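Note: the block below is upload_30.cif and it holds mmCIF, C-alpha atoms and all ligand atoms.
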data_model
loop_
_atom_site.label_atom_id
_atom_site.label_comp_id
_atom_site.auth_asym_id
_atom_site.auth_seq_id
_atom_site.Cartn_x
_atom_site.Cartn_y
_atom_site.Cartn_z
CA MET J 1 30.74 178.91 66.15
CA GLU J 2 32.51 177.60 63.04
CA ILE J 3 32.72 180.65 60.81
CA ASN J 4 34.40 180.99 57.42
CA ALA J 5 36.56 184.07 56.83
CA LEU J 6 34.66 186.82 55.01
CA TYR J 7 36.90 187.08 51.96
CA ASP J 8 36.87 183.29 51.45
CA TRP J 9 33.25 183.51 50.35
CA LEU J 10 32.87 187.05 49.09
CA LYS J 11 35.40 188.34 46.59
CA PRO J 12 35.95 191.97 47.50
CA LYS J 13 36.01 194.58 44.74
CA SER J 14 37.32 197.01 47.36
CA LYS J 15 38.27 196.97 51.01
CA PRO J 16 36.54 197.65 53.34
CA LEU J 17 33.73 195.63 51.84
CA LEU J 18 30.91 197.55 50.18
CA ILE J 19 27.45 196.09 49.57
CA ALA J 20 25.13 198.60 47.93
CA GLY J 21 21.79 198.84 46.21
CA PRO J 22 18.31 200.21 46.63
CA CYS J 23 16.28 199.93 49.80
CA SER J 24 13.57 198.27 47.67
CA VAL J 25 13.71 196.74 44.23
CA GLU J 26 10.94 198.83 42.63
CA SER J 27 11.11 197.96 38.95
CA GLU J 28 13.35 196.17 36.50
CA GLU J 29 14.54 199.51 35.15
CA GLN J 30 15.25 201.11 38.56
CA MET J 31 17.24 198.05 39.71
CA MET J 32 19.23 197.78 36.50
CA ARG J 33 20.05 201.50 36.22
CA THR J 34 21.12 201.60 39.87
CA ALA J 35 23.25 198.46 39.42
CA ASP J 36 24.83 199.80 36.20
CA SER J 37 25.90 202.98 37.98
CA LEU J 38 27.10 201.15 41.07
CA ALA J 39 29.11 198.69 38.96
CA ARG J 40 30.83 201.64 37.24
CA THR J 41 32.30 202.75 40.59
CA GLY J 42 34.24 199.47 40.70
CA LEU J 43 33.74 199.42 44.47
CA VAL J 44 30.68 197.28 45.01
CA SER J 45 31.15 193.61 45.96
CA ALA J 46 27.44 192.71 46.15
CA PHE J 47 24.15 194.33 45.14
CA ARG J 48 21.49 194.60 47.81
CA GLY J 49 17.78 194.99 47.14
CA GLY J 50 14.74 194.58 49.36
CA VAL J 51 11.94 192.50 47.87
CA TRP J 52 9.73 191.93 50.93
CA LYS J 53 9.78 195.07 53.07
CA PRO J 54 8.73 195.01 56.72
CA ARG J 55 7.20 198.46 57.16
CA THR J 56 6.14 200.14 60.38
CA LYS J 57 2.70 201.14 59.12
CA PRO J 58 0.25 199.29 56.90
CA GLY J 59 -0.41 201.06 53.66
CA SER J 60 3.27 201.91 53.06
CA PHE J 61 4.98 200.31 50.07
CA GLU J 62 5.73 196.77 51.22
CA GLY J 63 7.92 195.70 48.34
CA ILE J 64 7.11 194.15 44.98
CA GLY J 65 7.50 190.65 46.38
CA SER J 66 8.59 187.57 44.43
CA PRO J 67 8.61 189.11 40.90
CA ALA J 68 11.38 191.49 42.01
CA LEU J 69 13.75 188.58 42.74
CA LYS J 70 14.48 188.06 39.06
CA TRP J 71 15.20 191.78 38.50
CA LEU J 72 17.71 191.72 41.33
CA LYS J 73 19.28 188.52 40.02
CA ALA J 74 19.42 189.89 36.46
CA ALA J 75 21.39 192.93 37.68
CA GLY J 76 23.88 190.64 39.39
CA THR J 77 24.23 188.34 36.41
CA LYS J 78 24.84 191.25 34.04
CA HIS J 79 27.72 192.57 36.14
CA GLN J 80 28.94 189.25 37.60
CA ILE J 81 28.27 190.57 41.08
CA PRO J 82 26.48 188.52 43.78
CA VAL J 83 23.11 189.74 45.01
CA ILE J 84 21.59 189.78 48.49
CA THR J 85 18.04 190.24 49.75
CA GLU J 86 16.16 190.14 53.04
CA VAL J 87 14.21 187.07 54.13
CA ALA J 88 11.80 186.93 57.04
CA ASN J 89 10.32 183.44 56.81
CA ALA J 90 10.76 179.99 55.26
CA ARG J 91 8.72 180.88 52.16
CA HIS J 92 11.01 183.83 51.44
CA VAL J 93 14.02 181.53 51.78
CA GLU J 94 12.61 178.99 49.34
CA GLU J 95 11.71 181.62 46.76
CA ALA J 96 15.05 183.41 47.08
CA LEU J 97 17.00 180.16 46.69
CA GLU J 98 14.89 179.17 43.70
CA ALA J 99 15.56 182.55 42.05
CA GLY J 100 19.31 182.03 42.48
CA ILE J 101 19.85 184.84 45.00
CA ASP J 102 23.45 184.50 46.21
CA MET J 103 23.24 185.72 49.80
CA LEU J 104 20.52 186.52 52.34
CA TRP J 105 20.12 188.88 55.22
CA ILE J 106 17.82 188.71 58.20
CA GLY J 107 16.33 192.05 59.25
CA ALA J 108 16.24 193.66 62.69
CA ARG J 109 12.55 192.99 63.14
CA THR J 110 13.08 189.30 62.45
CA THR J 111 16.22 188.83 64.56
CA VAL J 112 14.18 189.79 67.62
CA ASN J 113 12.10 186.62 67.38
CA PRO J 114 13.82 183.24 67.88
CA PHE J 115 10.80 181.43 66.35
CA TYR J 116 11.21 183.30 63.06
CA VAL J 117 14.97 182.81 63.04
CA GLN J 118 14.65 179.09 63.75
CA ASP J 119 12.16 178.71 60.86
CA ILE J 120 14.63 180.42 58.54
CA ALA J 121 17.52 178.29 59.84
CA ASP J 122 15.48 175.10 59.26
CA ALA J 123 14.66 176.20 55.72
CA LEU J 124 18.37 176.76 55.06
CA LYS J 125 19.51 173.29 56.18
CA GLY J 126 21.57 171.57 53.52
CA THR J 127 22.56 174.82 51.77
CA ASP J 128 25.73 176.83 52.30
CA ILE J 129 24.41 180.22 51.26
CA PRO J 130 25.98 183.18 53.11
CA VAL J 131 23.70 184.89 55.62
CA LEU J 132 24.13 188.28 57.27
CA VAL J 133 22.17 188.98 60.44
CA LYS J 134 21.15 192.50 61.42
CA ASN J 135 21.10 193.39 65.10
CA PRO J 136 17.73 193.13 66.85
CA ILE J 137 15.99 196.50 67.26
CA HIS J 138 16.92 196.64 70.94
CA PRO J 139 20.52 196.29 72.17
CA GLU J 140 20.53 192.66 73.29
CA VAL J 141 23.79 191.20 72.09
CA LYS J 142 22.97 187.63 73.17
CA LEU J 143 19.80 187.63 71.06
CA TRP J 144 21.85 188.80 68.07
CA LEU J 145 24.43 186.09 68.64
CA GLY J 146 21.67 183.55 69.33
CA ALA J 147 20.27 184.15 65.84
CA LEU J 148 23.72 183.58 64.33
CA GLU J 149 24.13 180.41 66.39
CA ARG J 150 20.79 179.04 65.15
CA LEU J 151 22.02 179.47 61.57
CA ASN J 152 25.40 178.01 62.43
CA ASN J 153 23.73 174.98 64.03
CA ALA J 154 21.81 174.51 60.77
CA GLY J 155 25.16 174.24 58.97
CA ILE J 156 25.61 177.82 57.71
CA GLN J 157 29.25 178.85 58.15
CA LYS J 158 29.38 181.83 55.79
CA LEU J 159 28.05 184.20 58.40
CA GLY J 160 28.30 187.88 59.17
CA ALA J 161 26.59 190.47 61.33
CA ILE J 162 25.19 193.83 60.26
CA HIS J 163 25.17 196.65 62.78
CA ARG J 164 22.19 198.88 61.82
CA GLY J 165 21.76 200.78 65.07
CA PHE J 166 19.05 200.55 67.71
CA TYR J 167 15.60 201.98 68.04
CA ALA J 168 15.47 204.88 70.44
CA TYR J 169 12.45 207.01 71.23
CA GLN J 170 13.50 210.36 69.74
CA SER J 171 17.00 209.42 68.62
CA GLN J 172 19.08 212.46 67.67
CA PRO J 173 20.71 213.30 65.31
CA PHE J 174 20.39 209.80 63.89
CA ARG J 175 17.38 207.66 63.01
CA ASN J 176 18.75 204.76 65.06
CA GLU J 177 21.28 205.04 67.88
CA PRO J 178 24.63 203.47 66.94
CA LYS J 179 25.43 202.23 70.49
CA TRP J 180 28.89 201.18 69.34
CA GLU J 181 29.47 199.48 72.69
CA VAL J 182 27.15 196.68 71.53
CA PHE J 183 29.54 196.05 68.65
CA PHE J 184 32.49 195.92 71.07
CA GLU J 185 30.65 193.26 73.08
CA LEU J 186 29.81 191.29 69.92
CA ARG J 187 33.51 191.36 68.94
CA ARG J 188 34.47 190.15 72.43
CA LEU J 189 32.03 187.25 72.28
CA ALA J 190 32.64 186.30 68.63
CA PRO J 191 36.04 187.69 67.56
CA ASP J 192 36.03 185.88 64.18
CA LEU J 193 32.60 187.03 63.09
CA PRO J 194 32.69 189.59 60.27
CA VAL J 195 30.73 192.70 61.23
CA ILE J 196 29.64 195.28 58.72
CA CYS J 197 27.90 198.58 59.32
CA ASP J 198 24.62 199.72 57.80
CA PRO J 199 25.06 203.50 57.99
CA SER J 200 21.84 204.12 56.05
CA HIS J 201 19.62 202.88 58.87
CA ILE J 202 21.77 204.44 61.58
CA ALA J 203 21.92 207.85 59.91
CA GLY J 204 18.43 207.94 58.39
CA ARG J 205 19.61 210.89 56.31
CA SER J 206 21.96 210.58 53.38
CA GLU J 207 24.06 213.61 54.37
CA LEU J 208 25.11 211.91 57.64
CA ILE J 209 26.19 208.62 56.05
CA GLY J 210 29.85 209.59 55.55
CA GLU J 211 30.19 210.49 59.21
CA VAL J 212 28.73 207.16 60.35
CA CYS J 213 30.93 205.23 57.88
CA GLN J 214 34.04 206.95 59.24
CA SER J 215 33.10 206.06 62.83
CA ALA J 216 32.56 202.42 61.79
CA LEU J 217 36.00 202.34 60.15
CA ASP J 218 37.63 204.06 63.11
CA LEU J 219 36.24 201.27 65.28
CA GLY J 220 37.50 198.50 63.01
CA MET J 221 34.36 197.22 61.29
CA ASP J 222 34.84 195.09 58.19
CA GLY J 223 32.69 196.96 55.69
CA PHE J 224 29.35 198.48 54.82
CA MET J 225 25.92 197.81 53.46
CA ILE J 226 24.67 201.12 52.07
CA GLU J 227 21.39 201.99 50.39
CA SER J 228 21.76 203.51 46.97
CA HIS J 229 19.08 204.49 44.45
CA ILE J 230 19.49 205.93 40.98
CA GLU J 231 16.92 208.64 41.86
CA PRO J 232 16.54 208.76 45.65
CA HIS J 233 13.84 211.45 45.63
CA LYS J 234 11.58 209.07 43.69
CA ALA J 235 12.23 206.07 45.98
CA LEU J 236 9.12 204.25 47.21
CA SER J 237 10.75 203.54 50.60
CA ASP J 238 13.30 205.46 52.69
CA PRO J 239 13.93 208.27 50.15
CA LEU J 240 15.88 210.41 52.63
CA GLN J 241 18.57 207.87 53.44
CA GLN J 242 19.47 206.61 49.97
CA LEU J 243 22.53 207.95 48.16
CA ARG J 244 22.90 208.27 44.41
CA PRO J 245 25.62 205.86 43.20
CA TYR J 246 27.74 208.89 42.26
CA ASP J 247 27.50 210.32 45.80
CA LEU J 248 28.15 206.91 47.34
CA ASP J 249 31.36 206.73 45.34
CA LEU J 250 32.43 210.14 46.71
CA VAL J 251 31.56 209.22 50.30
CA TYR J 252 33.43 205.91 50.11
CA ARG J 253 36.55 207.36 48.53
CA ALA J 254 36.74 210.15 51.12
CA LEU J 255 36.97 207.67 54.00
CA GLU J 256 40.20 207.42 55.94
CA HIS J 257 41.35 203.86 56.40
CA ARG J 258 42.65 202.47 59.65
CA ASP J 259 44.35 199.31 60.86
CA GLU J 260 44.22 197.87 64.34
CA ALA J 261 47.88 196.85 64.37
CA ILE J 262 50.42 199.39 63.09
CA ASP J 263 54.04 198.41 62.74
CA ASP J 264 55.78 201.71 63.43
CA GLU J 265 58.24 201.88 66.33
CA ARG J 266 57.57 205.50 67.26
CA TYR J 267 53.83 204.89 67.20
CA ILE J 268 54.20 201.79 69.38
CA ALA J 269 56.46 203.58 71.88
CA LYS J 270 54.09 206.54 72.20
CA LEU J 271 51.09 204.24 72.57
CA GLU J 272 52.84 202.18 75.26
CA GLU J 273 53.79 205.26 77.24
CA LEU J 274 50.22 206.56 77.27
CA ARG J 275 48.81 203.11 78.03
CA TYR J 276 51.18 202.81 81.00
CA GLN J 277 49.71 206.01 82.40
CA ILE J 278 46.16 204.84 81.72
CA ASP J 279 46.93 201.61 83.59
CA LYS J 280 48.06 203.65 86.61
CA VAL J 281 44.99 205.88 86.54
CA ASP J 282 42.71 202.82 86.22
CA ALA J 283 44.36 201.24 89.27
CA GLU J 284 43.63 204.42 91.26
CA ILE J 285 40.04 204.52 90.00
CA LEU J 286 39.52 200.91 91.10
CA LYS J 287 40.92 201.61 94.56
CA LEU J 288 38.58 204.58 94.93
CA ILE J 289 35.58 202.57 93.73
CA SER J 290 36.46 199.87 96.22
CA ARG J 291 36.52 202.51 98.99
CA ARG J 292 33.18 203.87 97.83
CA GLN J 293 31.69 200.37 97.95
CA GLU J 294 33.07 199.84 101.48
CA LEU J 295 31.30 203.05 102.57
CA ALA J 296 28.09 201.89 100.93
CA LYS J 297 28.39 198.61 102.82
CA ALA J 298 28.74 200.55 106.08
CA ILE J 299 25.67 202.69 105.33
CA GLY J 300 23.43 199.65 104.74
CA PRO J 301 23.13 198.50 108.39
CA VAL J 302 22.63 202.10 109.60
CA LYS J 303 19.55 202.33 107.39
CA TYR J 304 18.38 198.84 108.34
CA GLU J 305 18.55 199.57 112.08
CA ASN J 306 16.51 202.70 111.55
CA GLN J 307 14.02 201.15 109.15
CA ALA J 308 15.01 203.59 106.40
CA THR J 309 14.76 202.75 102.70
CA ILE J 310 17.97 201.84 100.96
CA PHE J 311 17.17 204.07 98.01
CA GLN J 312 17.26 207.68 99.17
CA MET J 313 15.81 209.73 96.38
CA LYS J 314 16.62 213.24 97.63
CA ARG J 315 20.21 212.34 98.43
CA TRP J 316 20.62 210.57 95.10
CA PHE J 317 19.35 213.59 93.13
CA LYS J 318 21.74 215.83 95.06
CA VAL J 319 24.68 213.48 94.44
CA LEU J 320 23.94 213.40 90.74
CA GLU J 321 23.50 217.15 90.44
CA ASN J 322 26.63 217.90 92.46
CA ARG J 323 28.83 215.39 90.59
CA LYS J 324 27.67 216.75 87.25
CA ALA J 325 28.58 220.28 88.32
CA GLN J 326 31.99 219.07 89.52
CA GLY J 327 32.42 217.18 86.25
CA LEU J 328 31.62 220.29 84.26
CA SER J 329 34.41 222.23 85.96
CA LEU J 330 36.76 219.36 85.05
CA ASP J 331 35.65 219.49 81.42
CA LEU J 332 33.85 216.14 81.63
CA GLU J 333 30.79 215.49 79.52
CA ASP J 334 27.50 215.60 81.35
CA GLU J 335 26.48 212.21 79.98
CA LEU J 336 29.72 210.56 81.04
CA VAL J 337 29.28 211.73 84.63
CA HIS J 338 25.60 210.83 84.58
CA GLU J 339 26.16 207.29 83.33
CA LEU J 340 29.16 206.73 85.58
CA PHE J 341 27.31 207.74 88.73
CA GLN J 342 24.20 205.86 87.71
CA LEU J 343 26.39 202.76 87.59
CA LEU J 344 28.12 203.52 90.90
CA HIS J 345 24.76 204.18 92.53
CA LYS J 346 23.29 200.95 91.17
CA TYR J 347 26.15 198.88 92.62
CA SER J 348 26.07 200.83 95.87
CA ILE J 349 22.38 199.89 96.25
CA ASP J 350 23.06 196.28 95.17
CA THR J 351 25.76 195.90 97.79
CA GLN J 352 23.48 197.31 100.51
CA ILE J 353 20.72 194.86 99.53
CA LYS J 354 23.12 191.91 99.37
CA ASN J 355 24.77 192.81 102.65
CA HIS J 356 21.41 192.91 104.33
CA HIS J 357 20.48 189.43 103.05
CA GLU J 358 23.78 187.82 104.04
O1 LIG M 401 23.54 208.25 100.78
C1 LIG M 401 23.06 207.13 100.91
O2 LIG M 401 22.02 206.88 101.56
C2 LIG M 401 23.72 205.98 100.25
O3 LIG M 401 23.39 204.86 100.54
C3 LIG M 401 24.71 206.25 99.19
C4 LIG M 401 24.08 206.33 97.84
C5 LIG M 401 25.28 206.47 96.86
O4 LIG M 401 25.78 205.44 96.43
O5 LIG M 401 25.68 207.58 96.60
C6 LIG M 401 23.32 205.07 97.59
C7 LIG M 401 21.99 204.96 97.72
C8 LIG M 401 21.10 206.13 97.91
O6 LIG M 401 20.00 206.05 97.02
C9 LIG M 401 21.81 207.38 97.80
C10 LIG M 401 23.17 207.49 97.73
#
structure tokens encoding of this file:
Amino acid sequence: MEINALYDWLKPKSKPLLIAGPCSVESEEQMMRTADSLARTGLVSAFRGGVWKPRTKPGSFEGIGSPALKWLKAAGTKHQIPVITEVANARHVEEALEAGIDMLWIGARTTVNPFYVQDIADALKGTDIPVLVKNPIHPEVKLWLGALERLNNAGIQKLGAIHRGFYAYQSQPFRNEPKWEVFFELRRLAPDLPVICDPSHIAGRSELIGEVCQSALDLGMDGFMIESHIEPHKALSDPLQQLRPYDLDLVYRALEHRDEAIDDERYIAKLEELRYQIDKVDAEILKLISRRQELAKAIGPVKYENQATIFQMKRWFKVLENRKAQGLSLDLEDELVHELFQLLHKYSIDTQIKNHHE
């Protein structure tokens, strides 16, 4: 993908980038008062505001719709700050462009559907408006990238991704699971793509937003889109996850900044020493995994000759239970051991199936 560098198209008021504004634009007064307060922080590089809101249940507040576009735009014009809203179809795109909205985002529930994304991309042909794409609700990195590629193919080069977490049945303590590993994979596949974090949708509760922001910075994300409302308790959508502008300012200023590359000799020497040891441990792990796979390969024919199933439930439950207990005594997290052995077991089974078919 041909992607323009983030700060070529969005002048930052602060770094990391901060986009903030209400979940929904509810009235001219609410938008303007929120924007006035946010502008006073001197931190906000763009105002966000939802105009068309995709809600889980019918009967919830679904946004003011088109009339709210001009309230959002007016707030931006007053403070000379670009404004961004969510679009979910070609009609939204046309209306947003006509109202002079400066940037667009595509929501998680739209990113999941290539038909919707293609419609939006077609409607954007011939423009060079910046577009940010939220991750699909489920952790499918190729679908996320696919949406960005559709926009890129339509000529949009001012692109970015928004990591807003992933739906999980009973996610705790957050509303959406961060699954940071999906971000690592996105970075690997598209290293030049700006990625910002939406801690409001991950956290779901305003008191957890600082913690999520710090994690995002620790991992090297480029900025944030955070929901902020002048009076969160009166918000018509997502009241629990919106911060007052004053509190947003406190949260942002408390963050500790990090850089991927640090130019300090002692730091580099210490890092290299520890990485050398990690390399050695990894080599041992790989040798052991290779031995485990060899044993799995040897077990396959024994089962085949005796018409036994490859998957052995009782043995597998015992393995898992026993390894978790061993892990506990080595101070390893239960989940780490669980996931690790799930993976080893999966490949052990795969190799037995493959071996049998060869
Ligand atoms: O014990 C076996 O039967 C194996 O094939 C090994 C193994 C494992 O990898 O640990 C793999 C498949 C079975 O479901 C149970 C355990």
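Coordinates place atom CA of J:Ser290 at a distance of 16.5 Å from atom C9 of ligand LIG 401 (chain M).
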| field | Pick from J:Leu104, J:Ser215, J:Thr85, J:Lys142 nearest to J:Arg188, counting all atoms listed in the file | value |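 Distance minimum relative to J:Arg188 lands on J:Lys142.
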Site check for ligand LIG 401 (chain M): residues at most 8 Å away, all atoms listed in the file, as a PDB file with C-alpha atoms, in the coordinates of the input:
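Result file is result_11.pdb:
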ATOM      1  CA  ARG J 292      33.180 203.870  97.830  1.00  0.00           C
ATOM      2  CA  GLN J 293      31.690 200.370  97.950  1.00  0.00           C
ATOM      3  CA  ALA J 296      28.090 201.890 100.930  1.00  0.00           C
ATOM      4  CA  ILE J 299      25.670 202.690 105.330  1.00  0.00           C
ATOM      5  CA  GLY J 300      23.430 199.650 104.740  1.00  0.00           C
ATOM      6  CA  LYS J 303      19.550 202.330 107.390  1.00  0.00           C
ATOM      7  CA  ILE J 310      17.970 201.840 100.960  1.00  0.00           C
ATOM      8  CA  PHE J 311      17.170 204.070  98.010  1.00  0.00           C
ATOM      9  CA  GLN J 312      17.260 207.680  99.170  1.00  0.00           C
ATOM     10  CA  MET J 313      15.810 209.730  96.380  1.00  0.00           C
ATOM     11  CA  LYS J 314      16.620 213.240  97.630  1.00  0.00           C
ATOM     12  CA  ARG J 315      20.210 212.340  98.430  1.00  0.00           C
ATOM     13  CA  TRP J 316      20.620 210.570  95.100  1.00  0.00           C
ATOM     14  CA  VAL J 319      24.680 213.480  94.440  1.00  0.00           C
ATOM     15  CA  LEU J 344      28.120 203.520  90.900  1.00  0.00           C
ATOM     16  CA  HIS J 345      24.760 204.180  92.530  1.00  0.00           C
ATOM     17  CA  LYS J 346      23.290 200.950  91.170  1.00  0.00           C
ATOM     18  CA  TYR J 347      26.150 198.880  92.620  1.00  0.00           C
ATOM     19  CA  SER J 348      26.070 200.830  95.870  1.00  0.00           C
ATOM     20  CA  ILE J 349      22.380 199.890  96.250  1.00  0.00           C
ATOM     21  CA  GLN J 352      23.480 197.310 100.510  1.00  0.00           C
TER      22      GLN J 352
END
| task | Would you mind reading off the distance between atom CA of J:Glu29 and atom CA of J:Ala46, one decimal, in Å? | result |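 We find that atom CA of J:Glu29 and atom CA of J:Ala46 lie 18.3 Å from each other.
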| message | Between J:Ser24, J:Ser171, J:Gln277, J:Gln157, which residue has the minimum interatomic distance to J:Arg55, considering only C-alpha atoms? | response | J:Ser24
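Atom CA of J:Pro114 sits 26.7 Å away from atom CA of J:Glu227.
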| request: Determine the nearest neighbour of J:Glu185 from the options J:Val141, J:Ile226, J:Cys23, J:Cys197, counting only C-alpha atoms. | output: J:Val141
Take every atom of stretch 255-273 of chain J listed in the file, fit an axis-aligned box around them, add 6 Å per side, and give the centre and edge lengths in Å to one decimal as lines of an AutoDock Vina configuration file.
center_x = 47.6
center_y = 202.3
center_z = 65.6
size_x = 33.3
size_y = 22.8
size_z = 35.2
| said: Restricting the calculation to only C-alpha atoms: of J:Leu248, J:Ile3, J:Ile101, J:Val212, which residue gets closest to J:Arg48? | reply: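 For J:Arg48, the nearest of the given residues is J:Ile101.
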| said: With 9 Å as the threshold, what does the neighbourhood of (31.6, 189.0, 51.1) contain in terms of residues, counting all atoms listed in the file? Coordinates are those of the file; answer as a list in words. | reply: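 Applying the cut-off with all atoms listed in the file, one gets Leu6, Tyr7, Asp8, Trp9, Leu10, Lys11, Pro12, Leu17, Leu18, Ile19, Ser45, Ala46, Pro82, Pro130, Lys158 and Gly160 of chain J.
With all atoms listed in the file as the atoms that count, the residue of J:Phe224, J:Phe184, J:Phe317, J:Tyr252 with the shortest distance to J:Arg164 is J:Phe224.
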| request: For stretch 145-153 of chain J, work out the shell of residues within 12 Å, counting only C-alpha atoms and skipping chain neighbours fewer than 6 positions away, then give it as a VMD selection string. | output: chain J and resid 1 to 4 104 to 108 110 to 136 139 159 to 162 182 to 183 185 to 191 193 to 195
| So which one's closest to J:Ala235, J:Glu177, J:Asp222, J:Glu98, J:Glu26? Using all atoms listed in the file, please. | J:Glu26
